[in-house]
file entry01.txt (compact mmCIF, C-alpha atoms)
# COMPACT_ATOMS: atom_id res chain seq x y z
CA MET A 1 -6.97 23.34 -16.96
CA ASN A 2 -9.80 21.15 -15.95
CA ASP A 3 -12.69 22.71 -17.73
CA ALA A 4 -12.52 20.68 -20.92
CA TYR A 5 -13.06 17.39 -19.16
CA ASN A 6 -15.90 15.78 -17.45
CA LEU A 7 -13.91 14.55 -14.52
CA PRO A 8 -14.80 11.42 -12.63
CA PRO A 9 -16.15 12.02 -9.16
CA HIS A 10 -13.23 10.75 -7.13
CA VAL A 11 -14.40 12.59 -4.09
CA ALA A 12 -17.85 11.16 -4.01
CA ARG A 13 -16.66 7.59 -3.97
CA PRO A 14 -16.92 5.81 -0.67
CA GLU A 15 -13.40 4.37 -0.62
CA PRO A 16 -13.97 0.98 -2.12
CA GLN A 17 -10.25 0.39 -2.29
CA GLY A 18 -8.69 -2.13 -0.05
CA LEU A 19 -6.03 -0.86 2.28
CA GLY A 20 -3.46 -2.98 0.51
CA ASP A 21 -4.08 -1.22 -2.78
CA VAL A 22 -3.91 2.17 -1.14
CA LEU A 23 -0.67 1.30 0.62
CA ASP A 24 0.86 -0.01 -2.59
CA ARG A 25 0.37 3.41 -4.05
CA VAL A 26 0.56 5.91 -1.25
CA LEU A 27 3.60 4.31 0.35
CA ASP A 28 5.54 3.04 -2.58
CA LYS A 29 4.63 5.44 -5.34
CA GLY A 30 4.42 9.15 -5.78
CA ILE A 31 7.24 11.64 -6.02
CA VAL A 32 10.02 11.20 -3.52
CA ILE A 33 12.34 14.01 -2.73
CA ALA A 34 14.84 11.61 -1.27
CA GLY A 35 17.86 13.36 -2.69
CA ASP A 36 16.83 16.53 -0.91
CA ILE A 37 17.15 15.29 2.60
CA THR A 38 18.37 18.66 3.73
CA ILE A 39 15.03 20.22 3.02
CA ALA A 40 12.76 17.41 4.17
CA VAL A 41 11.87 17.00 7.80
CA LEU A 42 11.77 13.24 7.40
CA ASP A 43 13.58 10.66 5.45
CA ILE A 44 10.74 9.36 3.31
CA GLU A 45 12.49 6.21 2.20
CA LEU A 46 13.13 5.25 5.78
CA LEU A 47 9.57 6.03 6.69
CA THR A 48 8.33 3.79 3.92
CA ILE A 49 10.57 0.98 5.07
CA ARG A 50 9.34 1.35 8.61
CA ILE A 51 5.72 1.16 7.59
CA ARG A 52 6.36 -1.83 5.39
CA LEU A 53 8.02 -3.56 8.32
CA LEU A 54 5.07 -2.80 10.51
CA ILE A 55 2.73 -4.24 7.94
CA ALA A 56 4.91 -7.27 7.37
CA SER A 57 4.86 -7.98 11.07
CA ILE A 58 1.13 -7.61 11.13
CA ASP A 59 0.76 -9.80 8.07
CA LYS A 60 2.73 -12.34 9.99
CA ALA A 61 0.35 -12.13 12.90
CA GLN A 62 -2.57 -12.19 10.55
CA GLU A 63 -1.18 -15.26 8.88
CA MET A 64 -1.50 -16.87 12.24
CA GLY A 65 -5.15 -16.05 12.30
CA ILE A 66 -5.40 -12.51 13.54
CA ASN A 67 -7.01 -9.93 11.34
CA TRP A 68 -5.45 -6.70 12.28
CA TRP A 69 -7.82 -4.43 10.48
CA GLU A 70 -10.86 -6.20 11.75
CA ARG A 71 -9.68 -6.14 15.29
CA ASP A 72 -11.49 -4.26 17.98
CA SER A 73 -9.37 -1.79 19.75
CA ASN A 74 -7.84 -3.93 22.43
CA LEU A 75 -9.40 -7.32 22.29
CA THR A 76 -7.24 -9.60 20.24
CA SER A 77 -9.43 -12.59 20.93
CA GLN A 78 -12.30 -10.98 19.08
CA ALA A 79 -10.53 -10.94 15.79
CA GLU A 80 -12.71 -13.63 14.34
CA LEU A 81 -15.93 -12.28 15.77
CA SER A 82 -15.34 -8.84 14.43
CA LEU A 83 -14.95 -10.30 10.97
CA GLU A 84 -18.68 -10.65 10.98
CA GLY A 85 -19.40 -7.29 12.39
CA LYS A 86 -17.92 -4.89 9.92
CA ALA A 87 -19.14 -3.64 6.66
CA GLY A 88 -18.33 -3.88 3.03
CA GLY A 89 -15.24 -4.52 1.03
CA ARG A 90 -12.79 -4.55 3.87
CA LYS A 91 -14.60 -7.44 5.38
CA ALA A 92 -14.51 -9.33 2.15
CA GLU A 93 -10.85 -8.59 1.70
CA GLY A 94 -10.11 -9.59 5.22
CA LYS A 95 -11.79 -12.90 4.70
CA ALA A 96 -10.11 -13.54 1.44
CA ARG A 97 -6.74 -12.78 2.89
CA THR A 98 -7.35 -14.92 5.90
CA ALA A 99 -8.32 -17.81 3.72
CA ARG A 100 -5.33 -17.26 1.52
CA SER A 101 -2.87 -16.95 4.30
CA LEU A 102 -4.21 -19.90 6.22
CA GLU A 103 -3.84 -21.92 3.11
CA ALA A 104 -0.37 -20.57 2.54
CA LYS A 105 0.59 -21.16 6.11
CA GLU A 106 0.73 -24.86 5.71
CA GLU A 107 3.60 -24.45 3.36
CA THR A 108 5.32 -21.53 4.91
CA HIS A 109 5.34 -22.23 8.58
CA HIS A 110 8.37 -24.42 8.45
CA THR A 111 10.23 -22.49 5.80
CA GLN A 112 9.69 -19.37 7.84
CA ARG A 113 9.56 -16.01 6.23
CA THR A 114 12.46 -13.72 6.33
CA ALA A 115 10.88 -10.49 5.17
CA ALA A 116 10.74 -8.73 8.45
CA PRO A 117 13.61 -8.69 10.87
CA GLY A 118 12.93 -10.69 13.96
CA ARG A 119 12.16 -7.86 16.23
CA LYS A 120 8.52 -7.67 15.35
CA THR A 121 7.95 -11.17 14.17
CA THR A 122 9.67 -13.29 16.72
CA SER A 123 6.56 -15.25 17.38
CA GLN A 124 6.64 -18.33 15.21
CA ARG A 125 4.14 -21.05 15.55
CA THR A 126 4.45 -24.50 14.26
CA GLY A 127 1.08 -25.95 15.05
CA PRO A 128 -2.13 -25.77 13.07
CA PRO A 129 -3.78 -22.36 12.90
CA LYS A 130 -5.85 -21.48 15.91
CA PRO A 131 -7.01 -17.95 15.39
CA LYS A 132 -7.92 -17.28 18.94
CA GLN A 133 -4.72 -18.40 20.47
CA ARG A 134 -2.31 -15.65 21.05
CA PRO A 135 0.69 -15.99 18.86
CA GLN A 136 3.39 -15.29 21.34
CA THR A 137 4.28 -17.75 24.11
CA GLN A 138 7.95 -17.41 23.49
CA LYS A 139 10.25 -14.74 24.68
CA LYS A 140 9.11 -11.30 25.51
CA PRO A 141 5.48 -10.34 25.59
CA ALA A 142 6.21 -7.15 23.70
CA ALA A 143 7.38 -9.07 20.66
CA SER A 144 4.05 -8.65 18.97
CA SER A 145 1.46 -6.00 19.50
CA GLU A 146 -1.18 -8.57 18.76
CA ALA A 147 0.01 -10.57 21.68
CA ALA A 148 0.33 -7.76 24.11
CA PRO A 149 -2.73 -7.21 26.23
CA LYS A 150 -2.52 -3.48 25.82
CA PRO A 151 -1.08 -1.24 23.13
CA ALA A 152 2.60 -1.44 23.77
CA ALA A 153 3.58 1.19 21.29
CA GLY A 154 6.15 2.70 23.54
CA LYS A 155 7.90 -0.56 24.10
CA ARG A 156 8.15 -1.99 20.70
CA GLY A 157 10.56 -0.76 18.17
CA GLY A 158 13.07 -0.03 20.82
CA GLY A 159 15.43 -2.62 19.50
CA GLY A 160 18.64 -0.82 18.86
CA LYS A 161 16.95 2.39 17.92
CA SER A 162 17.69 5.07 20.38
CA ARG A 163 14.73 7.12 21.40
CA ALA A 164 15.99 10.57 21.86
CA GLY A 165 14.96 12.87 24.63
CA PRO A 166 12.18 15.34 24.23
CA GLY A 167 14.41 18.32 23.93
CA ARG A 168 16.02 17.38 20.66
CA ASN A 169 15.13 19.16 17.54
CA PRO A 170 13.38 16.62 15.33
CA ARG A 171 14.00 18.51 12.15
CA LYS A 172 16.41 18.44 9.29
CA SER A 173 19.64 17.40 10.81
CA THR A 174 18.46 13.94 11.77
CA GLY A 175 17.81 12.87 8.20
CA GLY A 176 21.26 11.58 7.43
CA ARG A 177 21.57 9.69 10.67
CA LYS A 178 18.34 7.87 10.07
CA THR A 179 19.32 6.87 6.60
CA ALA A 180 22.47 5.37 7.88
CA LYS A 181 20.52 3.31 10.34
CA ALA A 182 18.07 2.14 7.79
CA LYS A 183 20.88 0.65 5.79
CA ALA A 184 22.58 -0.86 8.77
CA MET B 1 15.02 26.24 19.02
CA SER B 2 11.29 26.51 19.36
CA PRO B 3 9.48 24.02 21.52
CA ILE B 4 8.35 20.93 19.65
CA GLU B 5 4.75 21.50 20.65
CA THR B 6 4.44 24.60 18.55
CA ALA B 7 6.68 23.64 15.65
CA THR B 8 5.01 22.85 12.38
CA GLY B 9 6.05 21.39 9.09
CA CYS B 10 4.72 21.81 5.60
CA TYR B 11 3.07 18.57 4.47
CA LEU B 12 3.27 18.47 0.72
CA TYR B 13 0.48 16.52 -0.97
CA ALA B 14 0.69 17.34 -4.60
CA LEU B 15 1.60 19.60 -7.44
CA THR B 16 -0.98 20.73 -9.90
CA PRO B 17 -0.72 23.00 -12.91
CA GLU B 18 -0.69 26.63 -12.04
CA GLY B 19 -3.81 28.69 -12.22
CA GLY B 20 -6.55 26.17 -11.64
CA ARG B 21 -8.67 27.18 -8.68
CA LEU B 22 -8.94 24.26 -6.33
CA SER B 23 -11.80 23.81 -3.99
CA LEU B 24 -10.30 22.27 -0.90
CA CYS B 25 -12.28 23.78 1.91
CA ASP B 26 -14.40 20.70 2.54
CA LEU B 27 -11.35 18.67 3.29
CA ARG B 28 -9.14 18.16 6.28
CA GLY B 29 -5.66 16.86 5.92
CA VAL B 30 -3.65 14.27 7.81
CA GLY B 31 -3.02 16.67 10.65
CA GLY B 32 -6.67 17.68 10.83
CA GLY B 33 -5.92 21.08 9.42
CA PRO B 34 -7.13 22.88 6.32
CA LEU B 35 -5.46 22.44 2.95
CA ARG B 36 -3.94 25.29 1.06
CA GLY B 37 -2.97 25.82 -2.53
CA ILE B 38 0.28 27.74 -2.80
CA ALA B 39 1.36 29.23 -6.09
CA CYS B 40 4.90 28.18 -6.95
CA ARG B 41 5.25 29.05 -10.57
CA PRO B 42 4.75 27.31 -12.84
CA PHE B 43 2.91 25.03 -10.45
CA GLN B 44 0.55 25.09 -7.61
CA ALA B 45 1.40 23.09 -4.50
CA VAL B 46 -1.21 21.67 -2.18
CA VAL B 47 0.02 21.73 1.40
CA GLU B 48 -1.08 21.49 4.99
CA GLU B 49 0.64 22.88 8.01
CA VAL B 50 1.12 19.90 10.33
CA PRO B 51 2.27 19.90 13.93
CA LEU B 52 5.65 18.28 14.41
CA ASP B 53 4.56 16.86 17.71
CA GLU B 54 2.58 14.47 15.55
CA PHE B 55 4.67 14.43 12.39
CA GLY B 56 8.18 15.13 13.56
CA GLN B 57 10.85 12.48 13.56
CA GLU B 58 10.38 11.65 17.23
CA ALA B 59 6.62 11.43 17.02
CA LEU B 60 6.70 9.27 13.94
CA GLU B 61 8.99 6.78 15.62
CA HIS B 62 6.11 6.29 17.97
CA HIS B 63 3.23 6.45 15.51
CA LEU B 64 4.78 4.07 13.04
CA GLN B 65 4.16 1.25 15.46
CA ASP B 66 0.46 1.85 15.41
CA LEU B 67 -1.22 0.52 12.34
CA ARG B 68 -4.45 2.28 13.08
CA TRP B 69 -2.63 5.59 12.98
CA VAL B 70 -0.91 4.63 9.77
CA GLU B 71 -4.11 3.48 8.12
CA GLU B 72 -6.00 6.59 9.07
CA LYS B 73 -3.28 8.87 7.77
CA VAL B 74 -2.68 6.89 4.62
CA ARG B 75 -6.37 6.91 3.80
CA THR B 76 -6.61 10.61 4.51
CA HIS B 77 -3.64 11.25 2.28
CA ASP B 78 -5.32 9.25 -0.47
CA ARG B 79 -8.58 11.10 0.02
CA VAL B 80 -6.84 14.43 -0.44
CA GLU B 81 -5.10 13.25 -3.60
CA ARG B 82 -8.43 12.05 -4.97
CA ALA B 83 -10.12 15.31 -4.19
CA ILE B 84 -7.45 17.16 -6.10
CA ALA B 85 -7.51 14.65 -8.94
CA ALA B 86 -11.22 15.23 -9.28
CA GLN B 87 -10.50 18.86 -10.08
CA THR B 88 -7.33 18.94 -12.09
CA THR B 89 -4.22 17.07 -13.10
CA VAL B 90 -2.39 15.99 -9.99
CA LEU B 91 1.13 14.90 -9.28
CA PRO B 92 1.03 13.15 -5.92
CA PHE B 93 3.93 13.18 -3.50
CA ARG B 94 4.86 10.23 -1.37
CA PHE B 95 3.08 9.80 1.95
CA CYS B 96 4.51 12.05 4.67
CA THR B 97 6.53 14.34 2.46
CA ILE B 98 7.09 17.11 4.96
CA LEU B 99 9.17 20.22 4.42
CA SER B 100 10.35 22.61 7.05
CA ASP B 101 8.68 25.67 5.65
CA GLY B 102 7.61 27.57 2.58
CA ALA B 103 11.16 28.59 1.76
CA ASP B 104 12.11 24.93 1.37
CA LEU B 105 9.12 24.48 -0.91
CA GLU B 106 10.33 27.27 -3.14
CA ARG B 107 13.81 25.84 -3.23
CA LEU B 108 12.46 22.43 -4.08
CA MET B 109 10.43 23.82 -6.95
CA GLU B 110 13.42 25.67 -8.26
CA THR B 111 15.74 22.71 -8.23
CA ARG B 112 13.27 20.25 -9.68
CA LYS B 113 11.21 22.43 -11.93
CA ALA B 114 12.04 20.65 -15.18
CA HIS B 115 11.49 17.25 -13.68
CA PHE B 116 8.13 18.17 -12.21
CA ARG B 117 7.06 19.75 -15.46
CA GLU B 118 7.88 16.58 -17.29
CA LEU B 119 5.95 14.45 -14.82
CA LEU B 120 2.93 16.72 -14.92
CA ASP B 121 2.84 16.48 -18.69
CA ARG B 122 3.12 12.75 -18.44
CA VAL B 123 0.02 12.36 -16.27
CA ALA B 124 -2.00 15.27 -17.64
CA ASN B 125 -5.64 14.38 -18.12
CA ALA B 126 -5.13 10.75 -17.28
CA THR B 127 -6.02 8.51 -14.38
CA GLU B 128 -4.52 5.37 -13.04
CA TRP B 129 -6.34 2.04 -13.07
CA GLY B 130 -5.27 -1.05 -11.23
CA VAL B 131 -5.80 -4.45 -12.80
CA LYS B 132 -5.02 -7.60 -10.87
CA PHE B 133 -4.98 -11.04 -12.34
CA ILE B 134 -5.72 -13.58 -9.69
CA HIS B 135 -5.16 -17.23 -10.30
CA GLN B 136 -7.99 -19.52 -9.31
CA PRO B 137 -6.21 -22.75 -8.56
CA ASN B 138 -7.83 -26.11 -9.14
CA ALA B 139 -9.89 -24.70 -11.93
CA ARG B 140 -9.30 -27.93 -13.75
CA PRO B 141 -9.55 -31.35 -12.13
CA GLN B 142 -6.28 -32.94 -11.13
CA ALA B 143 -5.40 -35.95 -13.24
CA SER B 144 -5.17 -39.06 -11.15
CA ALA B 145 -1.67 -40.45 -11.35
CA GLY B 146 -2.42 -44.10 -11.67
CA GLY B 147 -2.64 -45.05 -8.04
CA GLU B 148 -4.17 -48.39 -8.91
CA ASN B 149 -1.39 -49.92 -10.94
CA GLY B 150 0.07 -52.17 -8.37
CA ALA B 151 2.26 -49.73 -6.50
CA GLY B 152 1.92 -49.70 -2.74
CA LYS B 153 -0.44 -47.25 -1.15
CA GLY B 154 2.35 -45.04 0.14
CA ALA B 155 4.12 -44.87 -3.19
CA ALA B 156 0.90 -44.12 -4.97
CA TYR B 157 0.20 -41.34 -2.58
CA LEU B 158 3.59 -39.79 -3.12
CA LEU B 159 3.27 -40.15 -6.84
CA ARG B 160 -0.08 -38.48 -6.79
CA LYS B 161 1.25 -35.65 -4.66
CA LYS B 162 4.13 -35.14 -7.03
CA GLN B 163 1.83 -35.13 -10.01
CA GLU B 164 -0.42 -32.61 -8.31
CA LEU B 165 2.51 -30.37 -7.60
CA GLN B 166 3.65 -30.54 -11.20
CA ASN B 167 0.17 -29.78 -12.41
CA ARG B 168 -0.05 -26.85 -10.12
CA GLU B 169 3.27 -25.45 -11.27
CA GLU B 170 2.34 -25.83 -14.87
CA GLU B 171 -1.01 -24.21 -14.23
CA GLN B 172 0.77 -21.34 -12.54
CA ARG B 173 3.12 -20.85 -15.48
CA GLU B 174 0.23 -20.86 -17.90
CA ALA B 175 -1.64 -18.39 -15.73
CA ILE B 176 1.29 -16.00 -15.71
CA ALA B 177 1.65 -16.18 -19.46
CA ALA B 178 -2.08 -15.65 -19.94
CA ALA B 179 -2.10 -12.67 -17.59
CA GLU B 180 0.82 -11.08 -19.40
CA GLY B 181 -1.01 -11.49 -22.67
CA LEU B 182 -4.20 -9.94 -21.35
CA ALA B 183 -2.31 -7.08 -19.76
CA SER B 184 -0.54 -6.18 -22.96
CA ASP B 185 -3.86 -6.28 -24.72
CA LEU B 186 -5.14 -3.77 -22.16
CA SER B 187 -2.15 -1.53 -22.52
CA ARG B 188 -3.24 -0.75 -26.05
CA PHE B 189 -5.92 1.33 -24.38
CA ALA B 190 -3.54 3.05 -22.01
CA ARG B 191 -0.76 5.57 -22.24
CA GLU B 192 1.52 3.55 -20.07
CA ARG B 193 1.61 0.43 -18.02
CA THR B 194 3.66 -0.52 -15.02
CA THR B 195 3.79 -3.52 -12.74
CA ILE B 196 3.20 -3.28 -9.02
CA PRO B 197 5.39 -5.85 -7.29
CA ALA B 198 3.41 -8.45 -5.40
CA ARG B 199 3.86 -8.49 -1.68
CA ARG B 200 4.66 -11.77 -0.08
CA GLU B 201 1.30 -12.66 1.29
CA GLN B 202 -0.24 -12.21 -2.14
CA ALA B 203 2.37 -14.01 -4.13
CA ARG B 204 0.54 -17.28 -4.28
CA HIS B 205 -2.51 -16.27 -6.22
CA LEU B 206 -1.81 -12.79 -7.46
CA VAL B 207 -0.29 -13.57 -10.81
CA LEU B 208 0.05 -10.01 -12.04
CA ASN B 209 -0.69 -6.67 -10.46
CA THR B 210 -0.50 -3.96 -13.01
CA ALA B 211 -1.27 -0.25 -13.14
CA LEU B 212 -2.30 1.52 -16.29
CA LEU B 213 -2.34 5.20 -17.04
CA VAL B 214 -5.47 5.83 -19.05
CA ASP B 215 -6.58 8.97 -20.83
CA ARG B 216 -9.68 10.32 -19.21
CA LYS B 217 -11.32 10.38 -22.62
CA ARG B 218 -10.64 6.70 -23.12
CA GLU B 219 -11.77 5.51 -19.73
CA SER B 220 -15.03 4.02 -20.89
CA THR B 221 -13.37 2.19 -23.76
CA PHE B 222 -10.76 0.89 -21.38
CA ARG B 223 -13.30 -0.32 -18.89
CA ALA B 224 -15.34 -1.98 -21.58
CA ARG B 225 -12.22 -3.79 -22.70
CA VAL B 226 -11.60 -5.02 -19.18
CA GLU B 227 -15.08 -6.46 -19.09
CA THR B 228 -14.51 -8.21 -22.38
CA LEU B 229 -11.27 -9.68 -21.13
CA ARG B 230 -12.86 -11.18 -18.07
CA LYS B 231 -14.26 -14.05 -20.07
CA GLN B 232 -10.95 -14.79 -21.71
CA ALA B 233 -9.25 -14.59 -18.37
CA ALA B 234 -11.69 -16.99 -16.78
CA ALA B 235 -10.90 -19.53 -19.47
CA SER B 236 -7.29 -19.39 -18.30
CA GLY B 237 -8.28 -19.76 -14.69
CA LEU B 238 -7.83 -16.08 -13.91
CA ALA B 239 -10.07 -13.62 -12.16
CA VAL B 240 -9.66 -9.96 -13.06
CA GLU B 241 -9.93 -7.30 -10.40
CA LEU B 242 -10.24 -3.70 -11.51
CA THR B 243 -9.67 -0.72 -9.22
CA GLY B 244 -9.76 2.94 -10.07
CA PRO B 245 -9.72 5.61 -11.04
CA TRP B 246 -6.72 6.43 -8.91
CA PRO B 247 -4.67 9.57 -8.89
CA PRO B 248 -1.64 8.69 -11.01
CA TYR B 249 0.47 7.48 -8.10
CA SER B 250 2.30 4.83 -10.05
CA PHE B 251 3.34 7.24 -12.76
CA ALA B 252 4.57 10.09 -10.63
CA SER B 253 8.17 9.18 -10.21
call {"tool": "encode", "arguments": {"input": "entry01.txt", "output": "structure tokens"}}
result
Amino acid sequence: MNDAYNLPPHVARPEPQGLGDVLDRVLDKGIVIAGDITIAVLDIELLTIRIRLLIASIDKAQEMGINWWERDSNLTSQAELSLEGKAGGRKAEGKARTARSLEAKEETHHTQRTAAPGRKTTSQRTGPPKPKQRPQTQKKPAASSEAAPKPAAGKRGGGGKSRAGPGRNPRKSTGGRKTAKAKA
Amino acid sequence: MSPIETATGCYLYALTPEGGRLSLCDLRGVGGGPLRGIACRPFQAVVEEVPLDEFGQEALEHHLQDLRWVEEKVRTHDRVERAIAAQTTVLPFRFCTILSDGADLERLMETRKAHFRELLDRVANATEWGVKFIHQPNARPQASAGGENGAGKGAAYLLRKKQELQNREEEQREAIAAAEGLASDLSRFARERTTIPARREQARHLVLNTALLVDRKRESTFRARVETLRKQAAASGLAVELTGPWPPYSFAS
């Protein structure tokens, strides 16, 4: 099949693509076997929605001056410093996006985005951008992972979504239930 | 019911035409395991056995809150698709397409055979290229809106602001039209073209994000054309960003 072509060396490339471009394709494109929920372990559409929500919430945080992909593991205040410390295209993209979103912020902070449900984006700021200031200050500390001093993975996302006990079979049968929730 | 710790699922990366021998041994998949090519006539499926304690419904609830996890897995998924694309025609599945077992895979192939065949033909010997048209605002100087003609300072300011806004909107409209024109020029060198919807944070400057399915044989012509168009684009206040080659993600559904 492949012998007639001199194929481009996809493998050898050092991943110049920005994460955004990869996500646009890997998350939103490609074959979906959504109609075949009975044979898939997961509901792919739901999964995609969940990841988009996560990213939207992080974009929101990033809009407020935090660069999630430049961040060191648990030091939110180093977001800006780490911009300087990392290599290549991601750095450039991070900078560009920061610039863009800071610029955009002026217009959007009072119109307030509605993309992501409040659960992950409850922190709204109205002042000028101060990257190092933590975005929360209202409500619960777990509202944003950026704001939480430690990874609060277990706490977030609990809103309304029941976390089932460890004994439940995670396969097949849960597909339909999840879909219903996604639409709710 | 087997304990979750030992349960596995079948992570389905891609379909390729049957018969091509794939070299996948250098690669590890999203679960850290080896990749396998499974013959499912008339295709070959590339799969990995993944532990459900990482990829089951429960586990994903947890992992999907961790962007680092998501990024790592998404990039690994992409890397696998690229590795396959480098060897043969590939039909990529959506991230985290996980089946219960091989029997489900067979059933899937049976029920969707015609569809998959059609899609494989569609992307055969072609790669995807991403072209973004990014508006560079303030490329032209803003006309001053007559702030000196006797109006008060405040009024003049407002007038100027309004004029600037109008200019900006007009510029934006022109940029969109120009980008559309350039993109349709490019599609003459492609089999197909599709638009990738802009996400919110990009909406301001990203005028058009388009994906083109280009014959491998025409890649160099296509790329040369992109270079030519850059100048034209710049005259319209647009920067052109080219990415690729990608596996044909945008043309696989």
call {"tool": "atom_distance", "arguments": {"input": "entry01.txt", "atom1": "CA of Lys29 in chain A", "atom2": "CA of Gly56 in chain B"}}
result
21.5 Å
call {"tool": "atom_distance", "arguments": {"input": "entry01.txt", "atom1": "CA of Val50 in chain B", "atom2": "CA of Gly33 in chain B"}}
result
7.2 Å
call {"tool": "closest_atom_pairs", "arguments": {"input": "entry01.txt", "of": "chain B", "to": "chain A", "cutoff": "7 Å", "atoms": "only C-alpha atoms", "output": "CSV"}}
result
residue,atom,partner,partner_atom,distance
B:Gly20,CA,A:Met1,CA,6.0
B:Gly56,CA,A:Pro170,CA,5.7
B:Gln57,CA,A:Pro170,CA,5.2
B:Glu58,CA,A:Pro170,CA,6.1
B:His62,CA,A:Ala153,CA,6.6
B:Leu64,CA,A:Ile51,CA,6.2
B:Gln65,CA,A:Ala153,CA,5.9
B:Asp66,CA,A:Ala153,CA,6.7
B:Val74,CA,A:Val26,CA,6.8
B:Asp78,CA,A:Val26,CA,6.8
B:Arg82,CA,A:His10,CA,5.4
B:Ala83,CA,A:Val11,CA,5.1
B:Ala86,CA,A:His10,CA,5.4
B:Gln87,CA,A:Asn2,CA,6.3
B:Thr88,CA,A:Asn2,CA,5.1
B:Pro92,CA,A:Gly30,CA,5.2
B:Phe93,CA,A:Ile31,CA,4.4
B:Arg94,CA,A:Gly30,CA,4.6
B:Phe95,CA,A:Val26,CA,5.6
B:Cys96,CA,A:Ile44,CA,6.9
B:Thr97,CA,A:Ile44,CA,6.6
B:Ile98,CA,A:Val41,CA,5.6
B:Leu99,CA,A:Ala40,CA,4.6
B:Ser100,CA,A:Val41,CA,5.9
B:Asp104,CA,A:Ile39,CA,5.8
B:Glu201,CA,A:Ser101,CA,6.7
B:Tyr249,CA,A:Gly30,CA,4.9
B:Ser250,CA,A:Lys29,CA,5.3
B:Ala252,CA,A:Gly30,CA,4.9
B:Ser253,CA,A:Ile31,CA,4.9
call {"tool": "atom_distance", "arguments": {"input": "entry01.txt", "atom1": "CA of Ala156 in chain B", "atom2": "CA of Gln172 in chain B"}}
result
24.0 Å
call {"tool": "residues_around", "arguments": {"input": "entry01.txt", "residues": "range 25-31 of chain B", "least_positions_apart": "3", "cutoff": "9 Å", "atoms": "only C-alpha atoms", "output": "ChimeraX atom specification"}}
result
/B:11,22,34-36,47-51,54-55,72-77,79-80,83
call {"tool": "closest_residue", "arguments": {"input": "entry01.txt", "among": "B:Leu105, B:Ala45, B:Leu208, B:Leu229", "to": "Ala177 in chain B", "atoms": "all atoms listed in the file"}}
result
B:Leu208
call {"tool": "axis_aligned_box", "arguments": {"input": "entry01.txt", "around": "range 61-76 of chain B", "padding_each_side": "5 Å", "output": "lines of an AutoDock Vina configuration file"}}
result
center_x = 1.2
center_y = 5.6
center_z = 10.9
size_x = 25.6
size_y = 20.1
size_z = 24.2
call {"tool": "closest_residue", "arguments": {"input": "entry01.txt", "among": "B:Met109, B:Ala14, B:Leu165, B:Val46", "to": "Leu91 in chain B", "atoms": "only C-alpha atoms"}}
result
B:Ala14
call {"tool": "decode", "arguments": {"input": "entry01.txt", "residues": "range 68-80 of chain B", "atoms": "N, CA and C atoms", "output": "tab-separated table (two decimals), in the first residue's frame"}}
result
chain	number	residue	atom	x	y	z
B	68	ARG	N	-2.63	18.21	32.62
B	68	ARG	CA	-1.35	17.60	32.26
B	68	ARG	C	-1.56	16.18	31.76
B	69	TRP	N	-2.45	15.47	32.43
B	69	TRP	CA	-2.77	14.11	31.99
B	69	TRP	C	-3.35	14.18	30.58
B	70	VAL	N	-4.31	15.05	30.40
B	70	VAL	CA	-4.97	15.15	29.10
B	70	VAL	C	-3.96	15.49	28.01
B	71	GLU	N	-3.10	16.46	28.29
B	71	GLU	CA	-2.13	16.85	27.26
B	71	GLU	C	-1.20	15.69	26.90
B	72	GLU	N	-0.72	15.03	27.92
B	72	GLU	CA	0.20	13.93	27.66
B	72	GLU	C	-0.47	12.87	26.79
B	73	LYS	N	-1.70	12.52	27.15
B	73	LYS	CA	-2.38	11.45	26.41
B	73	LYS	C	-2.75	11.88	25.01
B	74	VAL	N	-3.20	13.14	24.90
B	74	VAL	CA	-3.57	13.64	23.58
B	74	VAL	C	-2.35	13.67	22.66
B	75	ARG	N	-1.23	14.10	23.21
B	75	ARG	CA	-0.02	14.16	22.37
B	75	ARG	C	0.45	12.76	22.01
B	76	THR	N	0.32	11.84	22.96
B	76	THR	CA	0.72	10.47	22.64
B	76	THR	C	-0.17	9.89	21.56
B	77	HIS	N	-1.46	10.13	21.70
B	77	HIS	CA	-2.40	9.67	20.68
B	77	HIS	C	-1.98	10.21	19.31
B	78	ASP	N	-1.69	11.49	19.27
B	78	ASP	CA	-1.29	12.12	18.01
B	78	ASP	C	0.00	11.50	17.46
B	79	ARG	N	0.92	11.23	18.37
B	79	ARG	CA	2.20	10.66	17.95
B	79	ARG	C	1.98	9.29	17.29
B	80	VAL	N	1.09	8.52	17.89
B	80	VAL	CA	0.80	7.20	17.31
B	80	VAL	C	0.18	7.35	15.93
